[in-house]
Amino acid sequence: MAGAPGGVILRTAGLRKHFGGVQAVGGVDLSVPAGDVRAIIGPNGAGKTTLFNLITGDLAHDGGAIYLDDQDVSGLPPHQLCRRGMGRTFQITSIFRRLTAFENVQTAFLTHHRRHYNVLRRARSLYREQTSGLLERVGLGEQAAKPSGILAHGDQRRLELAIALASSPRLLLLDEPTAGMAPRERHEIMALVAGIARETGLTVVFTEHDMDVVFAVARRITVLHQGAVLAEGAPADVRANADVQRVYLGNPEPTR
Amino acid sequence: MQVLSGLSVGMFLFLVSVGMSLIFGVTRIVNLAHGSFYMVGAYLMVTLVELLPDRPWSFWVALLVAPLGVALLGGVIEVGLLRLIYRRDPLMQLILTFGLILVIGTLVLIVWGPDNKSVSRPDVLAGSVPVFGQPFPSYYVLVLALAPAVAVALWLIFYRTRWGMLIRAATVDREMLGALGVDVSALYTQVFVFGSWLAGLGGALAAPTVAVAIGMDGDVLTTAFVVVVIGGLGSFAGSFVSALLVGLLQSFGILVFPAISIVLLFALMAVVLIVRPWGLFGRAEE
Amino acid sequence: MTASAPRVIAIAVAVLAIAPLVLPPFFLQLLTEIAIVGLFATAFNLLMGYGGMVSFGHAAYFALGAYAAALLVKKAGLPMLLALPVAPLVAAAGALVFGFFIVRLTHTYFAMLSLAFAQIVFTVIFKWKGLTGGDDGLLDVWPPPLLKSPAAYYYFTLAVVGLCLLALHAIIDSPFGYALRAARESPRRARFIGVDVRRHQLLAFVLSGLFSGVAGALFAFYNGSVFPDFAYFPKSFEPLVVALLGGVHSFYGPLAGALGFKVLEWLISRQWPIYWPLFLGGIVVLVIIVLPGGFVGLVSGGRWRARPAA
């Protein structure tokens with residue numbers, strides 16, 4: 001589904017979070033236009049995951065606000081954010097392990113179309129074509145009938161992507177989508193994401209440690225440092241930014 | 001007057017709850033059979049008072065010995081059963097202690113029979129004393145005098161002895177403790193035995209004030225749950241405060257209508273669950 | 001479900017149908033009880049195997065169903081055929097009220113609170129002598145003359161239980177059931193595909209309570225009387241053990257478990273009636289100690305910690 005062209009789909013204003021005495025996120029202003037592919041990078045402890053969890057409602061914020069399409073969504077629970085068009089994947093792969101890959105995605109279609117309170121129909125026969133299609137798109141066509149828990153790590157990540165996409169999000173947040181993958185697979189999956197984003201106008205925001213992947217895929221980069229935005233802009237500009245070089249790129253993060 | 005009897009009831013609850021809380025805090029096992037330990041303490045009291053000659057000191061000897069019997073039972077259970085399942089799925093651990101309720105309950109039924117029993121108060125405490133112009137059973141004076149004494153003693157143990165420090169450390173990080181060379185397994189046994197002793201003491205102390213009957217395990221277990229939910233599993237202060245609170249609620253509830261106390265408890269528990277699910281003093285574990 | 005399952009079911013149904021022609025009344029009664037316990041355990045397993053929530057106090061809903069049926073017949077003068085559909089609604093209402101609080105918690109706290117609520121139901125039944133008869137229970141709760149014989153009530157029970165099983169099967173295979181399983185597997189993933197996990201689990205809890213209430217009501221008329229211990233520990237233990245014995249990850253597991261459990265209970269109780277809870281508890285303790293995985297079929301493969309809901 002296409003987002004409003006030219007509109008800002010995600011905006012945070014002065015977002016803050018502290019744990020005990022530590023300021024994990026201190027006043028982050030983020031603005032993501034529709035259709036952007038935005039990478040959020042920063043050293044460990046910079047607050048990337050915290051920021052993510054604040055935006056997705058998994059953590060309560062201490063100050064500031066979050067806007068989705070100019071509507072204040074701060075503090076909404078995850079299932080309502082999903083209904084408003086926000087999707088996400090998790091750093092630790094979260095799929096429905098004892099269901100087959102097919103059932104995983106099928107369930108997402110069922111809930112997206114709000115049919116999950118229906119006790120009268122057989123779920124097995126619903127949304128089969130859409131499910132097959134989506135599984136093919138992410139490269140899991142062959143694996144559809146397998147219990148998702150036994151899939152290889154990379155395939156599980158693809159599955160989680162498919163689950164998130166089944167809900168037709170307009171904004172997709174990917175938390176360390178390539179964690180635990182070999183370099184080639186990393187590029188494959190991010191190319192897949194970028195391809196889908198181009199086709200559908202989906203806005204993507206992701207955190208990442210591997211700079212090769214970031215520079216290959218991202219249209220804009222936001223650099224976080226100690227809970228605040230250090231720099232933001234097109235990849236070439238960010239790479240050339242002196243502060244960023246000093247703080248981050250100068251001490252390359254070991255690629256995982 | 002109701003306040004004082006409520007506080008007494010709270011005292012028995014405290015002994016049971018703090019034992020359960022302690023065991024959970026260190027071993028991470030919720031001993032569902034803790035109410036059964038309380039019941040065994042009360043029944044042992046019955047038998048000991050019957051067996052001992054009718055002398056002024058016999059009550060006190062029974063009071064001393066009964067909890068030890070329960071502590072022994074706890075030790076046998078810990079060494080014989082629980083040790084084998086510490087590494088298991090917590091669901092299985094819970095089911096096991098649930099099963100123990102049935103085992104212990106039936107054994108009590110077999111040994112003591114289905115009739116209600118009672119324990120008479122010792123002569124010196126059989127009467128009443130005037131409190132605020134009203135006659136107040138002297139036995140409760142004992143309980144209320146014991147309450148702060150036990151609480152202080154426990155506090156001293158937890159905060160002023162080396163053993164207590166080990167216990168507190170274990171509730172925070174067991175693995176670290178093991179890595180530092182502490183015999184964690186022995187500590188578990190000691191904690192379980194101590195917790196059982198506390199429950200047994202609660203039962204023995206309560207025996208002269210209630211009908212000692214089959215089914216007391218269920219009643220006290222439920223109330224102890226409420227105490228622990230409200231106060232927070234693993235919190236000493238939580239057990240104390242919420243036990244007194246619950247005891248008071250029960251006493252005042254009875255004034256109004258016997259079933260009301262249940263509703264009040266339920267309501268209080270509901271409020272705490274909505275506002276602070278991990279209990280007033282508990283830690284939100286992540 | 002394997003391809004042979006429909007055939008197995010057909011054979012089972014056929015066998016059950018002709019049973020009264022072959023078996024003496026005592027065994028018909030045993031089969032009736034097995035059917036009732038099988039329904040109770042299947043309703044329980046909706047929550048445990050499919051929902052990932054282990055209730056230690058499901059006797060509450062069984063008892064509410066049983067007492068509601070008895071009271072409707074005795075105090076409100078309803079005929080049994082009217083009391084039977086209404087009584088489970090009382091159980092469902094109880095499940096709604098209790099479940100509202102219980103589903104806010106997980107794992108150990110969930111189990112403890114569900115146990116506490118069952119004890120509360122027990123205590124209310126026990127103490128409210130005026131309404132429930134307290135310890136004496138309520139007597140003379142019989143089906144109408146037409147259904148009173150062992151064979152007649154046996155067929156009746158099979159019919160009702162069969163209908164309920166069909167309903168439960170439909171629920172599990174429905175979109176509701178898929179979302180329930182998703183919530184069990186990964187609550188946070190489920191939330192982010194739009195499932196209000198807490199509400200979903202509450203609904204499952206209510207459905208489970210509803211069908212447990214049917215089992216309770218059926219039992220009330222089978223037994224002819226209701227007693228407070230319908231809400232006591234051993235009764236809460238029953239569906240748990242039955243489901244674990246038979247296997248929680250299959251729909252028919254609890255039914256198979258009910259068969260085994262009841263036969264075992266019959267064999268032991270005829271020798272030593274008082275000792276049955278001792279055996280029940282003892283056997284369970286032994287199985288857990290001796291078998292490496294405890295019972296076959298754990299509920300959630302993940303780690304279980306004692307904490308309130310995230």
# chains A, B, ... in the order shown; residues from 1 in each chain; ligands from 1

$ select_by_dssp --residues "range 67-164 of chain B" --states "strand (DSSP E or B)" --output "ChimeraX atom specification"
/B:117,128-131,134-137

$ closest_atom_pairs --of "chain C" --to "chain A" --cutoff "6 Å" --atoms "only C-alpha atoms" --output "tab-separated table"
residue	atom	partner	partner_atom	distance
C:Ile171	CA	A:Val119	CA	5.0
C:Asp173	CA	A:Arg122	CA	5.5
C:Ser174	CA	A:Arg122	CA	4.7
C:Pro175	CA	A:His116	CA	4.8
C:Phe176	CA	A:His116	CA	4.6
C:Ala182	CA	A:Phe96	CA	5.7
C:Glu185	CA	A:Phe96	CA	5.0
C:Ser186	CA	A:Phe96	CA	6.0
C:Arg189	CA	A:Ser94	CA	5.8
C:Arg191	CA	A:His79	CA	4.7
C:Phe192	CA	A:His79	CA	5.4
C:Ile193	CA	A:Ala108	CA	5.8
C:Gly194	CA	A:His79	CA	4.2
C:Val195	CA	A:His79	CA	5.7
C:Asp196	CA	A:His79	CA	5.9

$ residues_around --residues "range 87-99 of chain C" --least-positions-apart "6" --cutoff "10 Å" --atoms "only C-alpha atoms" --output "PyMOL selection string"
(chain B and resi 266+270) or (chain C and resi 58+60-72+105+110+113-114+117-118+121+201-218)

$ residues_around --residues "range 136-151 of chain C" --least-positions-apart "5" --cutoff "7 Å" --atoms "only C-alpha atoms" --output "ChimeraX atom specification"
/C:20,25,28-29,70,80,220-221,224-228

$ write_last_selection --atoms "C-alpha atoms" --output "short mmCIF file (atom, residue, chain, number, x, y, z; two decimals), in the first residue's frame"
data_model
loop_
_atom_site.label_atom_id
_atom_site.label_comp_id
_atom_site.auth_asym_id
_atom_site.auth_seq_id
_atom_site.Cartn_x
_atom_site.Cartn_y
_atom_site.Cartn_z
CA PRO C 20 -25.53 -50.54 26.16
CA PRO C 25 -25.01 -50.75 33.71
CA LEU C 28 -22.18 -47.68 31.07
CA GLN C 29 -21.87 -45.40 34.06
CA ALA C 70 -28.77 -28.14 40.63
CA MET C 80 -33.42 -30.42 33.38
CA ALA C 220 -24.68 -33.04 38.51
CA PHE C 221 -27.55 -34.97 36.91
CA GLY C 224 -27.87 -36.98 41.47
CA SER C 225 -26.24 -34.54 43.86
CA VAL C 226 -23.66 -31.79 44.08
CA PHE C 227 -21.09 -31.19 46.78
CA PRO C 228 -18.54 -28.47 47.58
#

$ select_by_dssp --residues "range 53-193 of chain B" --states "helix (DSSP H, G or I)" --output "VMD selection string"
chain B and resid 58 to 80 82 to 85 90 to 112 123 to 125 138 to 160 162 to 172 174 to 179 184 to 193

$ write_last_selection --atoms "C-alpha atoms" --output "mmCIF file, in the first residue's frame"
data_model
loop_
_atom_site.group_PDB
_atom_site.id
_atom_site.type_symbol
_atom_site.label_atom_id
_atom_site.label_comp_id
_atom_site.auth_asym_id
_atom_site.auth_seq_id
_atom_site.Cartn_x
_atom_site.Cartn_y
_atom_site.Cartn_z
ATOM 1 C CA SER B 58 3.637 -29.238 78.045
ATOM 2 C CA PHE B 59 2.016 -26.652 75.788
ATOM 3 C CA TRP B 60 5.266 -24.820 75.350
ATOM 4 C CA VAL B 61 7.179 -27.973 74.630
ATOM 5 C CA ALA B 62 4.611 -28.904 72.020
ATOM 6 C CA LEU B 63 4.891 -25.451 70.514
ATOM 7 C CA LEU B 64 8.599 -25.960 70.268
ATOM 8 C CA VAL B 65 8.524 -29.465 68.842
ATOM 9 C CA ALA B 66 5.658 -29.263 66.349
ATOM 10 C CA PRO B 67 7.368 -26.822 63.981
ATOM 11 C CA LEU B 68 10.484 -28.960 64.172
ATOM 12 C CA GLY B 69 8.438 -31.895 62.949
ATOM 13 C CA VAL B 70 7.267 -29.851 60.009
ATOM 14 C CA ALA B 71 10.803 -28.707 59.349
ATOM 15 C CA LEU B 72 11.822 -32.343 59.219
ATOM 16 C CA LEU B 73 9.046 -33.077 56.741
ATOM 17 C CA GLY B 74 10.206 -30.133 54.671
ATOM 18 C CA GLY B 75 13.754 -31.388 54.738
ATOM 19 C CA VAL B 76 12.741 -34.837 53.582
ATOM 20 C CA ILE B 77 10.704 -33.381 50.735
ATOM 21 C CA GLU B 78 13.456 -31.069 49.646
ATOM 22 C CA VAL B 79 16.202 -33.635 49.682
ATOM 23 C CA GLY B 80 14.104 -36.497 48.395
ATOM 24 C CA LEU B 82 12.718 -31.133 45.036
ATOM 25 C CA ARG B 83 16.440 -31.541 44.589
ATOM 26 C CA LEU B 84 15.717 -33.714 41.607
ATOM 27 C CA ILE B 85 13.647 -31.158 39.791
ATOM 28 C CA PRO B 90 8.701 -24.585 36.320
ATOM 29 C CA LEU B 91 5.328 -25.913 35.241
ATOM 30 C CA MET B 92 6.402 -29.393 36.261
ATOM 31 C CA GLN B 93 7.700 -28.070 39.554
ATOM 32 C CA LEU B 94 4.357 -26.450 40.257
ATOM 33 C CA ILE B 95 2.463 -29.601 39.344
ATOM 34 C CA LEU B 96 4.695 -31.577 41.647
ATOM 35 C CA THR B 97 4.058 -29.343 44.640
ATOM 36 C CA PHE B 98 0.378 -29.362 43.715
ATOM 37 C CA GLY B 99 0.517 -33.156 43.835
ATOM 38 C CA LEU B 100 2.088 -32.929 47.265
ATOM 39 C CA ILE B 101 -1.004 -31.136 48.528
ATOM 40 C CA LEU B 102 -3.005 -34.238 47.706
ATOM 41 C CA VAL B 103 -0.443 -36.594 49.176
ATOM 42 C CA ILE B 104 0.027 -34.734 52.446
ATOM 43 C CA GLY B 105 -3.674 -33.992 52.763
ATOM 44 C CA THR B 106 -4.633 -37.636 52.403
ATOM 45 C CA LEU B 107 -1.909 -38.754 54.805
ATOM 46 C CA VAL B 108 -3.220 -36.334 57.412
ATOM 47 C CA LEU B 109 -6.692 -37.742 56.862
ATOM 48 C CA ILE B 110 -5.433 -41.282 57.289
ATOM 49 C CA VAL B 111 -3.383 -40.581 60.398
ATOM 50 C CA TRP B 112 -5.741 -38.263 62.258
ATOM 51 C CA ASP B 123 -3.826 -22.360 81.559
ATOM 52 C CA VAL B 124 -1.776 -19.280 81.964
ATOM 53 C CA LEU B 125 -3.229 -17.918 78.751
ATOM 54 C CA SER B 138 -4.948 -13.656 76.605
ATOM 55 C CA TYR B 139 -3.752 -16.097 74.018
ATOM 56 C CA TYR B 140 -3.859 -13.369 71.445
ATOM 57 C CA VAL B 141 -1.604 -11.308 73.637
ATOM 58 C CA LEU B 142 0.979 -14.023 73.206
ATOM 59 C CA VAL B 143 0.546 -14.019 69.470
ATOM 60 C CA LEU B 144 0.753 -10.262 69.258
ATOM 61 C CA ALA B 145 3.784 -10.172 71.497
ATOM 62 C CA LEU B 146 5.389 -12.830 69.362
ATOM 63 C CA ALA B 147 4.611 -10.996 66.135
ATOM 64 C CA PRO B 148 7.097 -8.165 66.414
ATOM 65 C CA ALA B 149 9.544 -10.529 68.095
ATOM 66 C CA VAL B 150 9.518 -12.937 65.155
ATOM 67 C CA ALA B 151 9.585 -10.129 62.621
ATOM 68 C CA VAL B 152 12.554 -8.548 64.337
ATOM 69 C CA ALA B 153 14.282 -11.890 64.660
ATOM 70 C CA LEU B 154 13.783 -12.551 60.962
ATOM 71 C CA TRP B 155 15.028 -9.109 60.112
ATOM 72 C CA LEU B 156 18.100 -9.662 62.231
ATOM 73 C CA ILE B 157 18.708 -12.982 60.552
ATOM 74 C CA PHE B 158 18.358 -11.618 57.048
ATOM 75 C CA TYR B 159 20.247 -8.420 57.562
ATOM 76 C CA ARG B 160 22.731 -9.096 60.335
ATOM 77 C CA ARG B 162 26.193 -14.074 57.209
ATOM 78 C CA TRP B 163 23.632 -16.718 56.407
ATOM 79 C CA GLY B 164 21.009 -14.079 55.935
ATOM 80 C CA MET B 165 23.265 -12.198 53.608
ATOM 81 C CA LEU B 166 23.784 -15.337 51.559
ATOM 82 C CA ILE B 167 20.030 -15.746 51.339
ATOM 83 C CA ARG B 168 19.503 -12.216 50.167
ATOM 84 C CA ALA B 169 22.269 -12.624 47.650
ATOM 85 C CA ALA B 170 20.700 -15.848 46.425
ATOM 86 C CA THR B 171 17.393 -14.137 45.791
ATOM 87 C CA VAL B 172 19.168 -11.705 43.535
ATOM 88 C CA ARG B 174 21.986 -17.593 42.443
ATOM 89 C CA GLU B 175 24.491 -18.398 39.772
ATOM 90 C CA MET B 176 26.911 -15.785 40.945
ATOM 91 C CA LEU B 177 26.688 -17.161 44.414
ATOM 92 C CA GLY B 178 27.547 -20.617 43.162
ATOM 93 C CA ALA B 179 30.428 -19.232 41.190
ATOM 94 C CA VAL B 184 24.010 -23.405 46.827
ATOM 95 C CA SER B 185 22.469 -26.819 47.121
ATOM 96 C CA ALA B 186 22.884 -26.851 50.884
ATOM 97 C CA LEU B 187 21.542 -23.328 51.027
ATOM 98 C CA TYR B 188 18.415 -24.428 49.184
ATOM 99 C CA THR B 189 17.837 -27.190 51.686
ATOM 100 C CA GLN B 190 18.366 -24.840 54.601
ATOM 101 C CA VAL B 191 16.003 -22.295 53.165
ATOM 102 C CA PHE B 192 13.322 -24.846 52.481
ATOM 103 C CA VAL B 193 13.640 -26.315 55.957
#

$ closest_residue --among "C:Gly52, C:Pro24, C:Gly253, C:Gly133" --to "chain B" --atoms "only C-alpha atoms"
C:Gly52

$ closest_residue --among "B:Asp173, B:Asp217, B:Asp115, B:Asp54" --to "chain C" --atoms "only C-alpha atoms"
B:Asp217

$ residues_around --residues "Phe136 in chain B" --least-positions-apart "3" --cutoff "9 Å" --atoms "only C-alpha atoms" --output "PyMOL selection string"
chain B and resi 1+4-5+127-131+139-141

$ write_last_selection --atoms "C-alpha atoms" --output "mmCIF file, in the first residue's frame"
data_model
loop_
_atom_site.group_PDB
_atom_site.id
_atom_site.type_symbol
_atom_site.label_atom_id
_atom_site.label_comp_id
_atom_site.auth_asym_id
_atom_site.auth_seq_id
_atom_site.Cartn_x
_atom_site.Cartn_y
_atom_site.Cartn_z
ATOM 1 C CA MET B 1 -10.821 -5.500 69.481
ATOM 2 C CA LEU B 4 -6.237 -6.962 67.505
ATOM 3 C CA SER B 5 -7.709 -10.255 66.417
ATOM 4 C CA GLY B 127 -8.383 -16.322 80.312
ATOM 5 C CA SER B 128 -8.706 -12.824 79.060
ATOM 6 C CA VAL B 129 -7.307 -9.458 79.867
ATOM 7 C CA PRO B 130 -9.078 -6.157 79.671
ATOM 8 C CA VAL B 131 -7.967 -4.096 76.698
ATOM 9 C CA TYR B 139 -3.752 -16.097 74.018
ATOM 10 C CA TYR B 140 -3.859 -13.369 71.445
ATOM 11 C CA VAL B 141 -1.604 -11.308 73.637
#

$ closest_residue --among "B:Val241, B:Ala42, B:Val49, B:Met216" --to "chain C" --atoms "only C-alpha atoms"
B:Met216

$ residues_around --residues "Ala224 in chain B" --least-positions-apart "6" --cutoff "9 Å" --atoms "only C-alpha atoms" --output "count of residues only"
7

$ closest_atom_pairs --of "chain C" --to "chain B" --cutoff "6 Å" --atoms "only C-alpha atoms" --output "tab-separated table"
residue	atom	partner	partner_atom	distance
C:Ala116	CA	B:Thr222	CA	4.9
C:Pro277	CA	B:Leu102	CA	5.6
C:Leu278	CA	B:Val103	CA	4.5
C:Gly281	CA	B:Gly99	CA	4.1
C:Val285	CA	B:Leu96	CA	5.2
C:Pro308	CA	B:Pro277	CA	5.9

$ closest_residue --among "A:Ser31, A:Gln130, A:Thr50, A:Thr200" --to "Arg16 in chain A" --atoms "only C-alpha atoms"
A:Thr50

$ decode --residues "range 266-284 of chain C" --atoms "N, CA and C atoms" --output "short mmCIF file (atom, residue, chain, number, x, y, z; two decimals), in the first residue's frame"
data_model
loop_
_atom_site.label_atom_id
_atom_site.label_comp_id
_atom_site.auth_asym_id
_atom_site.auth_seq_id
_atom_site.Cartn_x
_atom_site.Cartn_y
_atom_site.Cartn_z
N TRP C 266 -10.93 -46.13 38.82
CA TRP C 266 -11.86 -47.20 39.15
C TRP C 266 -11.12 -48.36 39.82
N LEU C 267 -10.01 -48.76 39.22
CA LEU C 267 -9.28 -49.90 39.74
C LEU C 267 -8.75 -49.63 41.15
N ILE C 268 -8.28 -48.43 41.37
CA ILE C 268 -7.69 -48.13 42.68
C ILE C 268 -8.76 -47.85 43.72
N SER C 269 -9.82 -47.14 43.31
CA SER C 269 -10.84 -46.74 44.29
C SER C 269 -11.63 -47.92 44.82
N ARG C 270 -11.76 -48.97 44.01
CA ARG C 270 -12.57 -50.07 44.54
C ARG C 270 -11.86 -50.79 45.66
N GLN C 271 -10.52 -50.74 45.64
CA GLN C 271 -9.78 -51.35 46.73
C GLN C 271 -9.65 -50.40 47.92
N TRP C 272 -9.19 -49.18 47.64
CA TRP C 272 -8.88 -48.25 48.72
C TRP C 272 -9.47 -46.89 48.41
N PRO C 273 -10.76 -46.69 48.66
CA PRO C 273 -11.40 -45.43 48.26
C PRO C 273 -10.78 -44.17 48.84
N ILE C 274 -10.39 -44.23 50.12
CA ILE C 274 -9.86 -43.02 50.73
C ILE C 274 -8.54 -42.62 50.10
N TYR C 275 -7.84 -43.59 49.59
CA TYR C 275 -6.48 -43.35 49.17
C TYR C 275 -6.35 -42.78 47.76
N TRP C 276 -7.47 -42.61 47.06
CA TRP C 276 -7.33 -42.18 45.66
C TRP C 276 -6.55 -40.87 45.49
N PRO C 277 -6.86 -39.80 46.26
CA PRO C 277 -6.06 -38.58 46.07
C PRO C 277 -4.59 -38.82 46.36
N LEU C 278 -4.32 -39.71 47.29
CA LEU C 278 -2.94 -40.02 47.61
C LEU C 278 -2.25 -40.64 46.40
N PHE C 279 -2.95 -41.59 45.79
CA PHE C 279 -2.40 -42.22 44.60
C PHE C 279 -2.22 -41.22 43.47
N LEU C 280 -3.26 -40.40 43.28
CA LEU C 280 -3.22 -39.42 42.21
C LEU C 280 -2.02 -38.50 42.37
N GLY C 281 -1.91 -37.92 43.57
CA GLY C 281 -0.78 -37.04 43.82
C GLY C 281 0.54 -37.79 43.71
N GLY C 282 0.56 -38.97 44.31
CA GLY C 282 1.80 -39.74 44.33
C GLY C 282 2.26 -40.13 42.94
N ILE C 283 1.31 -40.60 42.13
CA ILE C 283 1.69 -40.99 40.77
C ILE C 283 2.23 -39.82 39.99
N VAL C 284 1.56 -38.68 40.12
CA VAL C 284 2.02 -37.51 39.39
C VAL C 284 3.43 -37.11 39.85
#
